[in-house]
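Peer 1: A single structure is presented below for examination.
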Amino acid sequence: MRLFQVSIQTIRLDRLELGIPELRERMKLMAEQSYDQVRSLPLHEVIGDVIDLQLDKSGISMFEIREEHVFSRTKIARGHHIFSQANSLAVALINDQIALTAAADIRFVRPVKLGEKCVAKAYVRSISKGKAKVEVFTYIGEEMVFQGNFIIYHSTRDRSEGGEPDADSD
């Protein structure tokens, strides 16, 4: 934009004319083609847009705070939306047909406001028979706004090819 000295509207119109989708759509399309398929729940039940997913390892999702997610008076996001993004990403990481949250230790670092984009990054810390430990950090830009440690119950039958994943056991 600055390089070519044009307005954002000019760029949007040019992209529209050339058939180039907006960033969010491009990221979603790229993610759909490049990550593992969620097994533990339907993808539409994950809160936020899954950007990257490596089953039993890590994942990233993005969630924009809209009017329906905030308190009308303060325009601050209701905590359950932030929690739901992290929790559903933690469950989605588990490579099993059945995965449920058994426990969660969470911490809200600061309020999230209308229009902010939450990027949740989840990491499987360990997997053993019947449970997995998943840590999730949610950021707005470089600032962490939420942190959660989840224990995810999973069935030990019907694991992916090759049996148990390559992760530390408890």
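In the structure tokens, the first chain shown is A, the next is B, and so on; residue numbers restart at 1 for each chain, and ligands run from 1 in the order shown.
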Just the residues within 8 Å of stretch 97-106 of chain A, please, counting only C-alpha atoms, with nothing from its chain fewer than 4 positions along; format it as a list of chain:residue names.

Peer 2: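 The residues that qualify are A:Arg39, A:Ser40, A:Leu41, A:Asn87, A:Val91, A:Ala92, A:Phe146, A:Gln147, A:Gly148, A:Asn149, A:Phe150, A:Ile151, A:Ile152, A:Tyr153, A:His154, A:Ser155, A:Asp158, A:Arg159.
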
Peer 1: For A:Asp56, which of A:Ile8, A:Leu13, A:Val70, A:Ala90 is the closest residue, counting only C-alpha atoms?

Peer 2: A:Ala90

Peer 1: Could you state the separation of atom CA of A:Leu18 and atom CA of A:Phe4 in Å, given to one decimal place?

Peer 2: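 Separation of atom CA of A:Leu18 and atom CA of A:Phe4: 17.4 Å.
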
Peer 1: To one decimal place, how far is atom CA of A:Gly59 from atom CA of A:Leu89 in Å?

Peer 2: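 Going from atom CA of A:Gly59 over to atom CA of A:Leu89 covers 7.1 Å.
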
Peer 1: Could you go through stretch 120-157 of chain A and tell me which residues DSSP, when run on the backbone, assigns to strand (DSSP E or B), listing them as a PyMOL selection string?

Peer 2: chain A and resi 120-128+131-140+143-154

Peer 1: Between A:Pro111, A:Glu116, A:Ile94, A:Ser84, which is the closest to A:Lys131 once you count only C-alpha atoms?

Peer 2: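 The closest residue to A:Lys131 is A:Ile94.
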
Peer 1: Atom CA of A:Phe108 and atom CA of A:His69 are how many Å apart?

Peer 2: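 If I compute the distance from atom CA of A:Phe108 to atom CA of A:His69, I get 15.9 Å.
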
Peer 1: Extract, using only C-alpha atoms, all DNA, RNA and protein residues at most 10 Å from A:Glu68, discarding same-chain residues fewer than 2 positions from it, and format them as a PyMOL selection string.

Peer 2: chain A and resi 65-66+70-72+75+77-78+114
